[in-house]
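Read the structure below first, then the notes.
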Amino acid sequence: MSLGSVLLGVLADGPAHGYDLKRAHDARFPAARPLAYGQVYATLGRLQRDGLVEELETRQDAGPERTVYALTDAGREALRHWLGETEQPGPYAADELVRKTITALHTGADSGDFLRRQRAVHLDAMRALTRERSDAAEPGTRIALDHTLAHLDADLRWMEETRERIARDGTTR
Amino acid sequence: MTDTPQSILTAHGVHKSFGRTVALRGAALEVQPGECVAITGPSGSGKSTLLHCLAGVLMPDSGVVTFRGTRLDALGVDERTRLRRSSFGLVLQFGQLVPELSALENVALPLMLEGRRRPDAAAAATQWLERLEVAQLAHTRPTAMSGGEAQRVAIARALVTSPDIVFADEPTGALDTVTGELALDVLVKATRETEAALVLVTHDNRVAAAAEREVVLRDGAIEAAGDGGPGEPT
Amino acid sequence: MRPLPLTIVLAAGRGRAALVVATTAVTSALLLVAASMARLGRDDAWSSYEQEHLFAPIGDAGTRPGAILAVVLLTVPVLLLLDQAVRLGSTGRHRRYTALSVAGATRRDLRRWAAIEVGAPAVAGALLGVPLWLLLRELLGFRLAMHAGALVPTSVGPGPWTWAILAAVAAYGVLVGRRSGSRATALTGRGGEAGAPRPWPALAVLAGALVAISGRGGSSSADSLATPIAAVLLVTLGTVGLAPWAAHAAGVRAARRARRAATLIAGRRLQADPRPAGRAAAAVGAVGLTVGVLGVFVGDVLATTDPYDRDDYLVPAAIVAVCALLAVVMIALSIAVHSVETTAQHRREMAALVATGVSSSVLTGAQRTECLLTSLPLALAGSAAGSLGYGWLVGLSPAAYAGGAAALLLTASVVAGSVLVTTALVRPWLVAAVDPGNLRTA
Ligand SMILES: Nc1ncnc2c1ncn2[C@@H]1O[C@H](COP(=O)(O)OP(=O)(O)OP(=O)(O)O)[C@@H](O)[C@H]1O
Ligand SMILES: [Mg+2]
């Protein structure tokens, strides 16, 4: 339901057609993967089936024909409900990074070197996001980037602690 | 990395001990003009000590630090003091402003020592306070400022002499995340605009990410000096 | 194990304890001398003068109160030094008390500790005052009587007054300790501003001047010394009270006009914390006053007295002058102690300043300027007031004023000299304070 809810949120700004929705979504969540059109239309179809959005009109300016969607009252209610619900804390323990590190520990591979290189990669990502963040004008964009930055930061801190722990305890088996 | 001729600051084989504690064992670093380098590493790894050696505040037991090709240890105490005043800027975590002087006077002080007339110095200081958006504090003493405000004034003081390089030791360490971020933004932006290099000591990854390059210090030596290219070859 | 009071005193620092012992000993000795003067017989003044060969103003029952006052006033700079000594290490003490109160000590416990910290050495010092008085009586009494007029009575001692004086000095020490204790335990008010000092004590100076003028018209017989003494007391108290205001004003003025960084720092420091500097400067002013009177007196003696009799006047005068100079040294020491204290308190800021390229000589210069800014004007004013006032009260020949002028120069150069020496003396502390180690966050 999550992409659907997000699109409902974008539609709360006012009626829009699929292409606009995609662009608004990508601008709002710059750290997320850009949406594919197919994904947008499939989701809109599901939302329409559930009575959460409705077709407002079909316009044809210079380009292809475009359908403009709008929130229904049920859609507005569903959005309000979603915003009020708390989220499950993510299942981070299953992360590839953690799996790799622990496997390295068990196989006796040089996890220190891996973590050092991983730190450089993480910090590169953070650097790029930080630059993007300081260029971003819209507060919403900055807040979304902040979230990603905070998670990368948490990863980095975990890597640092892990290195310290391994250095202190030797290879814990 | 090789000794490129355009490095503004270089350090090689820097050793420094305090009694039995060895703080630096052969640290090395190069800083290009106008670049921003972050020095990170665990607590006690020697970051502050290295920064003080680079800034000519501490003299290493052995090893060489050069600024624009001049060895710092070849300078006399007074020459080094003058160099720090005119070519270096320094920002610490907190507690660096003269408590009895107003913000304006604190910022004007280095200029007065450079021999500028007081009205000139005050005018230049006012400009910097305005630029850092703390002009309303011109006549406030540091004891009456918040941590973030005091940091902005300290940044103004560090930049007022148009230094070639600014050294900052945990400049956001005493501030909360948002205030710290604002102070860091100001510091990075202002050094970039004046084309000063910035050497930033921090243990905060998000601060380190504001720099173009990270240098990790571990047990008194540089561990990895990546230039930040994505997916560095092993 | 050591007894608890000794442990407490040692924890507070040996230097501090030693200074408290020294200052209280000097105070109690001076007061014992004053008391023995007061107990000199009134009726057989002449005979005791004959017997002991006392310095005329002391032997003469009419002028004796003035002499006693002078001795009592001599304790002022000593007490100033005591006050400053008690403040020594206040940052560390604050930290220690905070730790102790976290460990469960109540504010009352802490105040009692503070009282013991200062009170115990003060009791020791008060007791030491007795042998010190005996020494003074030997040197400035018996020995001096053989050459010129004795300054310390030998026929009578302080008698029962001794106990009162010893108790008073010791109690004063305990009181000062308690006060420093409540200062150190106060959660707020560290480095807080008590507001700028106000110039109200000027009224006392004015009253003193009025008393002096009104007294001058009346009888000039030696017995009616009450008026000049009242005038001197009023002026002295007024000046002491006024000094912090003067220091503050001098600081503001200097800072506003400063062209050099050192002057700017000095002025703003005075402005931020004018009281210690003001107190010290007031004491310097009092010494200036004494030296001014002395200069005129000596000038007059040289101009009018037969060379054969001169020693009777000049030797005691020289001794008073030496006392005055010793007082200047005491004051300079108290300034030095204060300066060490503030420097230590702002270690980190000082070190940061030097790290940003301010040479430590600028800081020494600021210290020097800070001291001179207050003490020099007050020394000159005191000295001028002393010579002019005394000359005017007693009606001396113009020739005597040459002595006053010489006194003025002497005061100025001694004050300037001791400031220079003092700042040089505290330089090691300054150098320690600006050590880059103080930049560390720990
Ligand atoms: N002035 C000094 N006296 C004694 N030891 C010192 C001094 N300065 C640094 N050290 C020691 O040198 C080592 C490195 O200290 P330094 O302050 O450079 O570390 P750091 O990386 O800045 O640590 P942190 O992140 O905690 O600030 C530490 O073990 C420290 O105790
Ligand atoms: Mg540090």
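FYI, nothing fancy with the structure tokens labels: chains A, B, ... in order, residues from 1 per chain, ligands from 1 as they appear.
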
#### Entry: Which of region 58-267 of chain C DSSP labels alpha helix (DSSP H), written as a count of residues only
153

### Message
If the limit is 8 Å from any atom of ligand 1, counting only C-alpha atoms and all ligand atoms, which residues qualify? Return them as a ChimeraX atom specification.
### Response
/B:17-19,21-24,40-51,170,201-203,217,220 /C:436-438,440-442

### Query
Looking at only C-alpha atoms, which of B:Met59, B:Ile222, B:Leu90, B:Leu182 is the one that sits closest to Ile165 (chain B)?
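Smallest separation from Ile165 (chain B) among the options: B:Leu90.
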
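Here CA of Asp155 (chain A) and CA of Ser111 (chain A) stand 15.0 Å from one another.
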
### Summary
With distances taken over only C-alpha atoms and all ligand atoms, the candidate from B:Ser102, B:Ser162, B:Ser7, B:Gln93 nearest ligand 2 is B:Gln93

### Task
Using only C-alpha atoms, determine which residues of chain A fall within 10 Å of chain B; present them as a PyMOL selection string.
chain A and resi 113-114+116-131+134+146+149-150+152-154+156-157+160-161+164

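Rounded to one decimal, CA of Tyr69 (chain A) and CA of Leu56 (chain A) lie 5.4 Å from each other.
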
### Query
Of the candidates B:His52, B:Pro163, B:Ala190, B:Thr66, which shows the shortest atom-to-atom distance to ligand 2, using only C-alpha atoms and all ligand atoms?
B:His52

### Task
Give me the residues within 12 Å of region 347-349 of chain C as an MDAnalysis selection string, counting only C-alpha atoms and dropping any in the same chain fewer than 6 places off.
(chainID B and resid 91:101 106 142 154) or (chainID C and resid 91 340:341 355:356 358 363 429:442)

Kindly export the residues of the current selection with C-alpha atoms, as a short mmCIF file (atom, residue, chain, number, x, y, z; two decimals), in the first residue's frame.
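Final output, selection28.cif:
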data_model
loop_
_atom_site.label_atom_id
_atom_site.label_comp_id
_atom_site.auth_asym_id
_atom_site.auth_seq_id
_atom_site.Cartn_x
_atom_site.Cartn_y
_atom_site.Cartn_z
CA VAL B 91 38.01 27.74 15.14
CA LEU B 92 37.65 25.58 18.24
CA GLN B 93 34.76 23.71 19.79
CA PHE B 94 33.95 26.51 22.27
CA GLY B 95 35.52 29.02 24.62
CA GLN B 96 37.80 30.89 22.28
CA LEU B 97 36.47 34.44 22.44
CA VAL B 98 37.88 36.92 24.95
CA PRO B 99 35.12 37.00 27.57
CA GLU B 100 35.52 40.69 28.37
CA LEU B 101 35.36 41.90 24.78
CA ASN B 106 36.77 40.14 19.38
CA PRO B 142 30.43 36.10 24.58
CA ALA B 154 34.47 32.82 16.21
CA THR C 91 37.94 27.87 40.17
CA VAL C 340 47.16 35.03 38.31
CA GLU C 341 43.65 34.13 39.34
CA ALA C 355 46.93 30.13 19.09
CA THR C 356 45.21 32.58 16.76
CA VAL C 358 48.26 37.06 19.52
CA LEU C 363 48.74 39.83 27.05
CA TRP C 429 51.68 31.71 35.17
CA LEU C 430 50.68 33.53 32.02
CA VAL C 431 52.94 31.34 29.94
CA ALA C 432 51.46 28.26 31.60
CA ALA C 433 47.96 29.55 30.93
CA VAL C 434 48.54 29.98 27.20
CA ASP C 435 49.94 26.46 26.78
CA PRO C 436 48.28 24.77 23.79
CA GLY C 437 47.34 21.93 26.14
CA ASN C 438 44.61 24.23 27.45
CA LEU C 439 42.93 24.17 24.04
CA ARG C 440 41.99 20.54 24.51
CA THR C 441 38.37 19.86 25.24
CA ALA C 442 38.93 17.60 28.22
#

## Note on the structure
What separates CA of Gly386 (chain C) and CA of Gly404 (chain C) is a distance of 8.3 Å
